[in-house]
Structure formats: structure tokens, C-alpha cells
Amino acid sequence: MLASLTATVAFSIDAMLPALPEIAATLSPGDVNRAQLVLTVFVLGMGLGTFFVGPISDAIGRKRTITGGIVIYAAGALAAAWSQSLEMLLIARFVQGIGASGPRIVPMALVRDLYAGREMAKITSFIMMLFILVPALAPTIGGAIAAVFGWRGIFGAFLVFGVLGVLWVNLRQPETLPPERRRPFVPGALLSGAREVLSDRDVRFYTAILALGFGQMFSVLSSSQQLYAAYGVHETFPLWFGAVAILAGTGSVFNARFVMRLGMRRIVRGAYLMQVCLSALMLAALLAGLVTPAGGLLAVFAWNVSVFFIAGLTFGNLNALAMQKMGHLAGMTASVVTALSTVGAVSIAAPVGLLFDGTARPVVIATLICSGLAWALMGRTNDQV
């Protein structure tokens, strides 16, 4: 169920993809690319919310923090459903993102309460597998809801998810942070905790690598609906995107199976090197005119699978590596790492999405740069795990 809470975030992003054309036609007919901000603003709100949700969970416990986050998430969904302008919708999505930081971040701290090192990476890989597999169904579900109730109906589904999440957390999930291990939520404690986390060189490096990894994934995600439409499969986009997610989910399965044997750093570095090679080949094919809207759909699909496959290989490991030495500050570390990496990712994805030109070139270039930098930074980390 922890994986389901984390997957709520993925559903909140991917279920919106089929509705972007309708949102653009309704609220932003003059600039259809602005509809992508519905995705990036949600992620930005989530990133900023994580600055606080981890320390709050260190102070009041994991269960109450998750519950509070879900309540804010549901309130944002309700406001979004009633929005009459794009600006109001973006504000509501920002609030919804802040609330989503609870079920997104606190499960990581909860897992760290119980596990560490490669064991944590193995558990986190299963959570990330569901996070990546959710897109297999989310666009189809979102498209079906939008076809019957319009794009506003999707936010009703988010509201239902919120109610179910609150019920499960309060009825079934035991608290993993006893009162004697809690830290007060006061400015002095927050500053000292954040200083301790950020003073660790490897934590800083892993946070930057996560920002690059999320940045390339969100860049592809935010442009995916327009990209597949440009390649002639607008009506069947949810099926193509679902196939991407199902195939890419094997990355998390592979990592969970082999991380104990190969180690986290080796898998992450090899994964980003593979992404560099695949993106370089894809860019060369695009520039040579071999991948066109008339006949390049399968190439785009295969490259898209690779981006999400790499996410499955890397995200669980990078989170475990960042939190390896910070068990006494699990909530704070989860907040700092995720907040900074998410805000960094949005800073990458937002301009890339707005640069969409009807081809895969912008996202392929962004992915090549991000994965190249991530591979280089992994070479400068010190942990031999």
C-alpha cells in the first residue's frame, strides 16, 4: 500500500495527459503548449512541499503527516475541478502538488525507519516499479473519465483516491517513528538538520543526479501527448503510453533482483551510460532524417521505453544512496533530497516542454545532456555500495 500511496503522484500526472488538448482548447486556446504547465506546476508544488513534510513527519510521526498531505491534495483536486481559468487551475494544481508531497515523501522515510543500504534499495525498487507502472493505466483511465465527464471529472477520481488513502493510512498502517525518536519542528532544529544533510558531499551529488534523472523523465512525460500526436497516434496514445510503462517497469524488477549482487553505484552508472548511448543514436537518427512523423513511431516508442527503464534502474538506488548515512534524519533527508531534486527537475522540464516543435529533438537533446551529466557525477561519488 505504501507503493500505492507513492503511485498516487504518478496517477495525478499521467491521468491528465489525455485531457491536455481539451484543457488547452477550453482555457488556453491561444497557446496550447501552456497546458503542459498543468503537469509541471503540480510537480513544482510537490517539490516545494517536500521541504517541510519530512521534518514535520520527524516531529509528529509518519501517519499523521501522510494524512494531512492527502487532505490538502484532495482540497486541491476539488478546487481544480471548479477552476474557470488556466491561472486558477494552475494554482489549484500547485496546492494539490503540495499535498501530494506527503504520500510521495513520507513513505521513503518510513522505509528508512525499517531498512538501510541495499535492502532499502530493494524495497524502494518495488515502490518505484509501481510508480512507473501506474502510467500503463493512468492515461487510459483519465481518457475514459474525460470522455464521459470532461477533464474536470478526472479531479473527481483524484478526490476518491484521497479518501481511500486517508482511510487506509489510519486503519491499517502502523506508526514506525516512536515518540522518543522524534525531533521538534522548530527553526533551530530544522536548520541544524538541513545543514547536517547538505554538509555531506555524497548527499549533494546524489541529489543533483536525481534532479537530472527526474528532469529528463519529466521532459519526456510533459511532451509525450503532443509527441505521439505528431507521430499520428493521437487517438491511441493511452495504449502506446501504457505499453511504454509496462515494458519500462522491468527496470525496477531487474534492479530489485540484482542490486544485492551488483551494488547500487555500479547499476546506476551503467544505466546512465546506456542512456547516453541510446540518446546519442536517437539524436543522430533524427538529424539524419531517419525518424520522421511519417515512419518513425517505433523508434520514438523504443527510445521512450529506454528513458523510463533507466528510471526504474536508478531512482530507487539513488534515494537509498542519498539516505544511507542519514537514518537519524530520515524525514529531513527525504525532504531535502526530494525537494531540491524535484525543483531542479522542473527547472529542466518546463522550458524543454515549451520548446516542443513537433519532433522528438528537444526531449532527446535534453535527455542526452542530463544522462551525460548524471553519469559524470556518479563517477565523483565516494560510496562503494
# chains A, B, ... in the order shown; residues from 1 in each chain; ligands from 1
>>> residues_around(residues="stretch 231-233 of chain A", least_positions_apart="3", cutoff="7 Å", atoms="only C-alpha atoms", output="list in words")
Leu227, Tyr228, Thr236, Phe237, Pro293, Ala294 and Leu297 of chain A
>>> residues_around(residues="A:Gly156", least_positions_apart="3", cutoff="8 Å", atoms="only C-alpha atoms", output="ChimeraX atom specification")
/A:77-78,81,152-153,159-160
>>> select_by_dssp(residues="stretch 107-218 of chain A", states="alpha helix (DSSP H)", output="number ranges by chain")
A: 107-114, 117-133, 138-149, 152-172, 187-198, 201-218
>>> residues_around(residues="A:Arg361", least_positions_apart="5", cutoff="12 Å", atoms="only C-alpha atoms", output="ChimeraX atom specification")
/A:219-220,223,227,279-289,291-292,300,303,352-353,355-356,366-368
>>> atom_distance(atom1="atom CA of A:Ala256", atom2="atom CA of A:Ala121")
7.4 Å
>>> atom_distance(atom1="atom CA of A:Thr124", atom2="atom CA of A:Gly249")
13.3 Å
>>> closest_residue(among="A:Leu329, A:Ala109, A:Val244, A:Leu354", to="A:Arg34", atoms="only C-alpha atoms")
A:Leu354
>>> residues_around(residues="A:Phe301", least_positions_apart="3", cutoff="10 Å", atoms="only C-alpha atoms", output="list in words")
Tyr228, Trp240, Phe241, Ala243, Val244, Gly296, Leu297, Leu298, Asn304, Val305 and Ser306 of chain A
>>> write_last_selection(atoms="N, CA and C atoms", output="mmCIF file, in the first residue's frame")
data_model
loop_
_atom_site.group_PDB
_atom_site.id
_atom_site.type_symbol
_atom_site.label_atom_id
_atom_site.label_comp_id
_atom_site.auth_asym_id
_atom_site.auth_seq_id
_atom_site.Cartn_x
_atom_site.Cartn_y
_atom_site.Cartn_z
ATOM 1 N N TYR A 228 3.350 11.982 -29.408
ATOM 2 C CA TYR A 228 2.678 10.852 -30.052
ATOM 3 C C TYR A 228 1.608 11.328 -31.032
ATOM 4 N N TRP A 240 -0.292 3.331 -26.321
ATOM 5 C CA TRP A 240 1.149 3.404 -26.548
ATOM 6 C C TRP A 240 1.878 3.758 -25.256
ATOM 7 N N PHE A 241 1.342 4.728 -24.535
ATOM 8 C CA PHE A 241 1.994 5.148 -23.301
ATOM 9 C C PHE A 241 1.932 4.039 -22.255
ATOM 10 N N ALA A 243 1.941 0.840 -22.924
ATOM 11 C CA ALA A 243 2.941 -0.150 -23.321
ATOM 12 C C ALA A 243 4.335 0.289 -22.897
ATOM 13 N N VAL A 244 4.615 1.586 -23.007
ATOM 14 C CA VAL A 244 5.901 2.119 -22.542
ATOM 15 C C VAL A 244 6.096 1.798 -21.065
ATOM 16 N N GLY A 296 8.566 7.115 -38.132
ATOM 17 C CA GLY A 296 9.499 6.960 -37.021
ATOM 18 C C GLY A 296 8.863 6.617 -35.693
ATOM 19 N N LEU A 297 7.605 6.189 -35.707
ATOM 20 C CA LEU A 297 6.894 5.962 -34.454
ATOM 21 C C LEU A 297 7.567 4.896 -33.596
ATOM 22 N N LEU A 298 7.968 3.788 -34.193
ATOM 23 C CA LEU A 298 8.555 2.706 -33.408
ATOM 24 C C LEU A 298 9.878 3.121 -32.779
ATOM 25 N N ASN A 304 11.538 5.991 -25.929
ATOM 26 C CA ASN A 304 10.710 6.362 -24.778
ATOM 27 C C ASN A 304 10.764 5.283 -23.704
ATOM 28 N N VAL A 305 10.690 4.031 -24.115
ATOM 29 C CA VAL A 305 10.806 2.919 -23.166
ATOM 30 C C VAL A 305 12.134 2.998 -22.425
ATOM 31 N N SER A 306 13.203 3.318 -23.151
ATOM 32 C CA SER A 306 14.525 3.360 -22.524
ATOM 33 C C SER A 306 14.601 4.396 -21.411
#
>>> residues_around(residues="A:Thr338", least_positions_apart="3", cutoff="8 Å", atoms="only C-alpha atoms", output="list in words")
Gly47, Thr50, Ile105, Thr207, Ala334, Ser335, Ser341 and Thr342 of chain A
>>> residues_around(residues="stretch 315-325 of chain A", least_positions_apart="2", cutoff="10 Å", atoms="only C-alpha atoms", output="number ranges by chain")
A: 108-109, 111-112, 115-129, 197, 200-207, 209-210, 213-214, 252, 255-256, 259, 263-265, 267-268, 310-313, 327-334, 337-338, 378, 383, 385
>>> residues_around(residues="stretch 10-24 of chain A", least_positions_apart="3", cutoff="7 Å", atoms="only C-alpha atoms", output="ChimeraX atom specification")
/A:7,27-29,32,35,39,131,134-135,138-139,141-143,146,151,158,225
>>> write_last_selection(atoms="C-alpha atoms", output="JSON list (two decimals), in the first residue's frame")
[["chain", "number", "residue", "atom", "x", "y", "z"],
["A", 7, "ALA", "CA", 1.90, 5.88, -7.14],
["A", 27, "LEU", "CA", -8.64, 27.52, -21.01],
["A", 28, "SER", "CA", -5.67, 28.37, -23.27],
["A", 29, "PRO", "CA", -6.73, 28.32, -26.94],
["A", 32, "VAL", "CA", -1.69, 25.14, -26.48],
["A", 35, "ALA", "CA", -1.49, 23.36, -21.00],
["A", 39, "LEU", "CA", 1.83, 18.92, -15.12],
["A", 131, "PHE", "CA", 5.33, 4.36, -9.59],
["A", 134, "VAL", "CA", 0.91, 3.32, -12.99],
["A", 135, "PRO", "CA", 1.23, 5.17, -16.33],
["A", 138, "ALA", "CA", -3.49, 6.18, -15.82],
["A", 139, "PRO", "CA", -3.85, 7.72, -19.31],
["A", 141, "ILE", "CA", -8.44, 5.78, -17.06],
["A", 142, "GLY", "CA", -8.02, 9.53, -17.41],
["A", 143, "GLY", "CA", -9.10, 9.43, -21.04],
["A", 146, "ALA", "CA", -12.65, 12.75, -19.60],
["A", 151, "TRP", "CA", -11.49, 16.92, -17.99],
["A", 158, "PHE", "CA", -8.23, 12.21, -7.51],
["A", 225, "GLN", "CA", 0.94, 13.50, -25.58]]
>>> closest_residue(among="A:Ala229, A:Leu5, A:Ile91, A:Val307", to="A:Val166", atoms="only C-alpha atoms")
A:Leu5
>>> closest_residue(among="A:Thr250, A:Ser83, A:Thr65, A:Ser371", to="A:Ala208", atoms="only C-alpha atoms")
A:Ser371
>>> atom_distance(atom1="atom CA of A:Ile60", atom2="atom CA of A:Val106")
11.8 Å
>>> closest_residue(among="A:Leu177, A:Ala345, A:Cys370, A:Ala194", to="A:Ala59", atoms="only C-alpha atoms")
A:Leu177
>>> closest_residue(among="A:Gly270, A:Gly30, A:Gly45, A:Pro103", to="A:Ser57", atoms="only C-alpha atoms")
A:Pro103
>>> closest_residue(among="A:Ala349, A:Leu373, A:Met326, A:Ile365", to="A:Ser199", atoms="only C-alpha atoms")
A:Met326
